[in-house]
Amino acid sequence: LEFNGNASLRDLRRSLKQTMWYKAGITRHAKDLRYALGKIEEIRAHIPALQLKNFKALIRTLELQNMLFSAEMVCRAALQRTESRGAHYRSDYPAENDKDWLKNIVISRQETEISLQAVPVSMDLISP
């Protein structure tokens with residue numbers, strides 16, 4: 001979905017949903033995830049120009065901002081995990097890799113900085 005400078009809230013939401021479905025959905029690939037991140041930034045750039053005519057529009061805009069944040073974190077974490085595991089399938093990394101990826105990706109925020117860190121899974125928590 002291309003925007004001509006004055007996108008509606010509905011258009012932005014639709015674009016995000018389509019982007020995540022087709023570029024970060026069931027089968028993922030690094031180039032598609034990077035495309036999705038670019039599209040997320042493009043959508044985010046249109047938010048300041050939205051005209052909020054009522055309280056409902058404000059709520060929908062705040063929801064869109066949260067959707068954009070969640071979508072970005074999904075894409076960034078999927079890019080970081082260079083393997084396939086469970087429901088996360090990377091067509092460019094189709095196999096599980098326990099040697100390097102028996103880890104959780106932890107997302108944290110310090111003021112305005114977001115970081116993703118791969119943290120080894122505690123073997124004490126895994127039953128034989």
# chains A, B, ... in the order shown; residues from 1 in each chain; ligands from 1
>>> residues_around(residues="segment 31-48 of chain A", least_positions_apart="5", cutoff="7 Å", atoms="only C-alpha atoms", output="PyMOL selection string")
chain A and resi 12+16+19-20+23-24+68+72+75+79
>>> select_by_dssp(residues="segment 19-118 of chain A", states="strand (DSSP E or B)", output="CSV table (one decimal) with all heavy atoms, in the first residue's frame")
chain,number,residue,atom,x,y,z
A,27,THR,N,6.3,-17.9,7.2
A,27,THR,CA,7.7,-18.1,6.7
A,27,THR,C,8.4,-16.8,6.6
A,27,THR,O,7.9,-15.9,6.0
A,27,THR,CB,7.6,-18.8,5.3
A,27,THR,OG1,6.9,-20.0,5.4
A,27,THR,CG2,9.0,-19.0,4.7
A,28,ARG,N,9.5,-16.7,7.2
A,28,ARG,CA,10.3,-15.5,7.3
A,28,ARG,C,11.6,-15.6,6.6
A,28,ARG,O,12.2,-16.7,6.5
A,28,ARG,CB,10.5,-15.1,8.8
A,28,ARG,CG,9.2,-14.9,9.5
A,28,ARG,CD,9.5,-14.9,11.0
A,28,ARG,NE,8.2,-14.5,11.7
A,28,ARG,CZ,8.1,-14.5,13.0
A,28,ARG,NH1,9.1,-14.8,13.8
A,28,ARG,NH2,7.0,-14.2,13.5
A,85,ARG,N,12.8,-22.4,14.8
A,85,ARG,CA,12.5,-23.1,16.0
A,85,ARG,C,11.0,-22.9,16.3
A,85,ARG,O,10.5,-21.8,16.3
A,85,ARG,CB,13.3,-22.5,17.2
A,85,ARG,CG,13.1,-23.2,18.5
A,85,ARG,CD,14.0,-22.7,19.6
A,85,ARG,NE,15.4,-23.0,19.3
A,85,ARG,CZ,16.0,-24.1,19.6
A,85,ARG,NH1,15.4,-25.1,20.2
A,85,ARG,NH2,17.3,-24.3,19.2
A,88,HIS,N,8.6,-20.3,14.7
A,88,HIS,CA,9.5,-19.3,14.0
A,88,HIS,C,10.2,-20.1,12.9
A,88,HIS,O,11.1,-20.9,13.2
A,88,HIS,CB,10.5,-18.7,15.0
A,88,HIS,CG,11.6,-17.9,14.4
A,88,HIS,ND1,11.3,-16.7,13.8
A,88,HIS,CD2,12.9,-18.2,14.3
A,88,HIS,CE1,12.5,-16.2,13.3
A,88,HIS,NE2,13.4,-17.1,13.6
A,89,TYR,N,9.8,-19.9,11.7
A,89,TYR,CA,10.5,-20.6,10.6
A,89,TYR,C,11.2,-19.5,9.7
A,89,TYR,O,10.5,-18.7,9.1
A,89,TYR,CB,9.5,-21.4,9.7
A,89,TYR,CG,10.2,-22.1,8.6
A,89,TYR,CD1,11.0,-23.2,8.8
A,89,TYR,CD2,10.1,-21.6,7.3
A,89,TYR,CE1,11.7,-23.8,7.8
A,89,TYR,CE2,10.8,-22.2,6.2
A,89,TYR,CZ,11.6,-23.3,6.5
A,89,TYR,OH,12.2,-23.9,5.5
A,90,ARG,N,12.5,-19.7,9.5
A,90,ARG,CA,13.3,-18.8,8.7
A,90,ARG,C,13.7,-19.6,7.4
A,90,ARG,O,14.4,-20.6,7.6
A,90,ARG,CB,14.6,-18.3,9.4
A,90,ARG,CG,14.4,-17.3,10.5
A,90,ARG,CD,14.3,-15.9,10.0
A,90,ARG,NE,15.4,-15.5,9.2
A,90,ARG,CZ,16.5,-14.8,9.6
A,90,ARG,NH1,16.5,-14.4,10.9
A,90,ARG,NH2,17.4,-14.4,8.8
A,93,TYR,N,17.3,-19.9,7.1
A,93,TYR,CA,17.9,-20.7,8.2
A,93,TYR,C,16.9,-21.8,8.6
A,93,TYR,O,16.3,-21.7,9.7
A,93,TYR,CB,18.3,-19.9,9.4
A,93,TYR,CG,19.4,-18.8,9.1
A,93,TYR,CD1,19.1,-17.5,8.8
A,93,TYR,CD2,20.7,-19.2,9.2
A,93,TYR,CE1,20.1,-16.6,8.6
A,93,TYR,CE2,21.7,-18.3,9.0
A,93,TYR,CZ,21.4,-17.0,8.7
A,93,TYR,OH,22.4,-16.0,8.4
A,103,LYS,N,18.5,-20.3,23.4
A,103,LYS,CA,18.5,-19.0,24.0
A,103,LYS,C,17.1,-18.4,23.9
A,103,LYS,O,16.3,-18.7,23.0
A,103,LYS,CB,19.5,-18.1,23.4
A,103,LYS,CG,20.9,-18.5,23.5
A,103,LYS,CD,21.8,-17.6,22.7
A,103,LYS,CE,23.3,-18.2,22.8
A,103,LYS,NZ,24.2,-17.3,22.1
A,104,ASN,N,16.8,-17.5,24.8
A,104,ASN,CA,15.6,-16.6,24.7
A,104,ASN,C,16.1,-15.3,24.2
A,104,ASN,O,17.2,-14.8,24.6
A,104,ASN,CB,14.9,-16.5,26.0
A,104,ASN,CG,14.2,-17.8,26.4
A,104,ASN,OD1,13.6,-18.5,25.7
A,104,ASN,ND2,14.5,-18.2,27.7
A,105,ILE,N,15.3,-14.6,23.5
A,105,ILE,CA,15.6,-13.2,23.1
A,105,ILE,C,14.8,-12.3,24.1
A,105,ILE,O,13.6,-12.3,24.1
A,105,ILE,CB,15.3,-12.9,21.6
A,105,ILE,CG1,16.2,-13.8,20.8
A,105,ILE,CG2,15.5,-11.4,21.4
A,105,ILE,CD1,16.0,-13.6,19.3
A,106,VAL,N,15.5,-11.6,24.9
A,106,VAL,CA,14.9,-10.7,25.9
A,106,VAL,C,15.0,-9.3,25.3
A,106,VAL,O,16.0,-8.7,25.0
A,106,VAL,CB,15.7,-10.8,27.2
A,106,VAL,CG1,15.1,-9.8,28.2
A,106,VAL,CG2,15.7,-12.2,27.7
A,107,ILE,N,13.8,-8.6,25.3
A,107,ILE,CA,13.7,-7.2,24.9
A,107,ILE,C,13.5,-6.4,26.1
A,107,ILE,O,12.7,-6.6,27.0
A,107,ILE,CB,12.5,-7.1,23.9
A,107,ILE,CG1,12.6,-8.0,22.7
A,107,ILE,CG2,12.3,-5.6,23.5
A,107,ILE,CD1,11.3,-8.1,21.9
A,108,SER,N,14.4,-5.4,26.2
A,108,SER,CA,14.3,-4.5,27.3
A,108,SER,C,14.4,-3.0,26.9
A,108,SER,O,14.8,-2.7,25.8
A,108,SER,CB,15.4,-4.8,28.3
A,108,SER,OG,16.7,-4.6,27.8
A,109,ARG,N,13.9,-2.1,27.8
A,109,ARG,CA,13.9,-0.7,27.4
A,109,ARG,C,14.5,0.1,28.6
A,109,ARG,O,14.1,-0.1,29.7
A,109,ARG,CB,12.5,-0.3,27.2
A,109,ARG,CG,12.3,1.2,26.9
A,109,ARG,CD,10.9,1.5,26.6
A,109,ARG,NE,10.7,2.8,26.2
A,109,ARG,CZ,9.6,3.3,25.8
A,109,ARG,NH1,8.6,2.6,25.6
A,109,ARG,NH2,9.6,4.6,25.5
A,110,GLN,N,15.5,0.9,28.3
A,110,GLN,CA,16.0,1.9,29.2
A,110,GLN,C,15.8,3.3,28.7
A,110,GLN,O,16.4,3.7,27.7
A,110,GLN,CB,17.5,1.7,29.4
A,110,GLN,CG,17.9,0.3,30.0
A,110,GLN,CD,17.5,0.3,31.5
A,110,GLN,OE1,17.4,1.3,32.1
A,110,GLN,NE2,17.2,-0.9,31.9
A,113,GLU,N,15.9,3.9,24.8
A,113,GLU,CA,16.7,2.8,24.1
A,113,GLU,C,16.1,1.4,24.3
A,113,GLU,O,15.8,1.0,25.4
A,113,GLU,CB,18.1,2.8,24.6
A,113,GLU,CG,18.9,4.1,24.3
A,113,GLU,CD,19.1,4.2,22.8
A,113,GLU,OE1,19.5,3.3,22.1
A,113,GLU,OE2,18.9,5.4,22.3
A,114,ILE,N,15.9,0.8,23.2
A,114,ILE,CA,15.4,-0.6,23.2
A,114,ILE,C,16.6,-1.5,22.8
A,114,ILE,O,17.3,-1.3,21.9
A,114,ILE,CB,14.3,-0.8,22.1
A,114,ILE,CG1,13.2,0.2,22.3
A,114,ILE,CG2,13.8,-2.2,22.1
A,114,ILE,CD1,12.4,0.1,23.5
A,115,SER,N,16.7,-2.6,23.6
A,115,SER,CA,17.8,-3.6,23.3
A,115,SER,C,17.2,-5.0,23.2
A,115,SER,O,16.2,-5.3,23.9
A,115,SER,CB,18.9,-3.5,24.3
A,115,SER,OG,18.5,-3.9,25.5
A,116,LEU,N,17.8,-5.8,22.4
A,116,LEU,CA,17.5,-7.2,22.3
A,116,LEU,C,18.7,-8.0,22.7
A,116,LEU,O,19.8,-7.7,22.1
A,116,LEU,CB,17.0,-7.6,20.9
A,116,LEU,CG,15.6,-7.2,20.5
A,116,LEU,CD1,15.6,-5.7,20.1
A,116,LEU,CD2,15.1,-8.0,19.3
A,117,GLN,N,18.6,-8.9,23.5
A,117,GLN,CA,19.7,-9.7,24.0
A,117,GLN,C,19.4,-11.2,24.0
A,117,GLN,O,18.3,-11.6,24.5
A,117,GLN,CB,20.1,-9.3,25.4
A,117,GLN,CG,21.3,-10.0,26.0
A,117,GLN,CD,21.6,-9.5,27.4
A,117,GLN,OE1,20.9,-8.7,28.0
A,117,GLN,NE2,22.8,-9.9,27.9
A,118,ALA,N,20.2,-12.0,23.4
A,118,ALA,CA,20.0,-13.4,23.5
A,118,ALA,C,20.6,-14.0,24.8
A,118,ALA,O,21.8,-13.8,25.1
A,118,ALA,CB,20.7,-14.1,22.3
>>> atom_distance(atom1="atom CA of Val121 of chain A", atom2="atom CA of Glu96 of chain A")
14.8 Å
>>> residues_around(residues="Arg10 of chain A", least_positions_apart="3", cutoff="12 Å", atoms="only C-alpha atoms", output="list in words")
Leu1, Phe3, Asn6, Ala7, Arg13, Arg14, Ser15, Leu16, Lys17, Ile43, His46, Ile47, Leu50, Ala57, Arg60, Thr61, Glu63 and Leu64 of chain A
>>> select_by_dssp(residues="segment 68-114 of chain A", states="alpha helix (DSSP H)", output="short mmCIF file (atom, residue, chain, number, x, y, z; two decimals) with C-alpha atoms, in the first residue's frame")
data_model
loop_
_atom_site.label_atom_id
_atom_site.label_comp_id
_atom_site.auth_asym_id
_atom_site.auth_seq_id
_atom_site.Cartn_x
_atom_site.Cartn_y
_atom_site.Cartn_z
CA LEU A 68 4.04 -0.61 15.32
CA PHE A 69 6.22 -1.11 18.38
CA SER A 70 5.16 -4.77 18.71
CA ALA A 71 5.67 -5.38 14.99
CA GLU A 72 9.13 -3.84 15.13
CA MET A 73 10.15 -6.03 18.06
CA VAL A 74 8.83 -9.17 16.33
CA CYS A 75 10.86 -8.33 13.21
CA ARG A 76 14.01 -7.40 15.11
CA ALA A 77 13.87 -10.56 17.23
CA ALA A 78 13.15 -12.71 14.15
CA LEU A 79 16.14 -11.19 12.36
CA GLN A 80 18.38 -11.83 15.34
CA ASP A 98 20.82 -25.86 19.62
CA LYS A 99 24.55 -25.20 19.73
CA ASP A 100 24.14 -21.46 19.13
CA TRP A 101 20.46 -20.82 19.77
#
>>> atom_distance(atom1="atom CA of Trp21 of chain A", atom2="atom CA of Leu62 of chain A")
21.0 Å
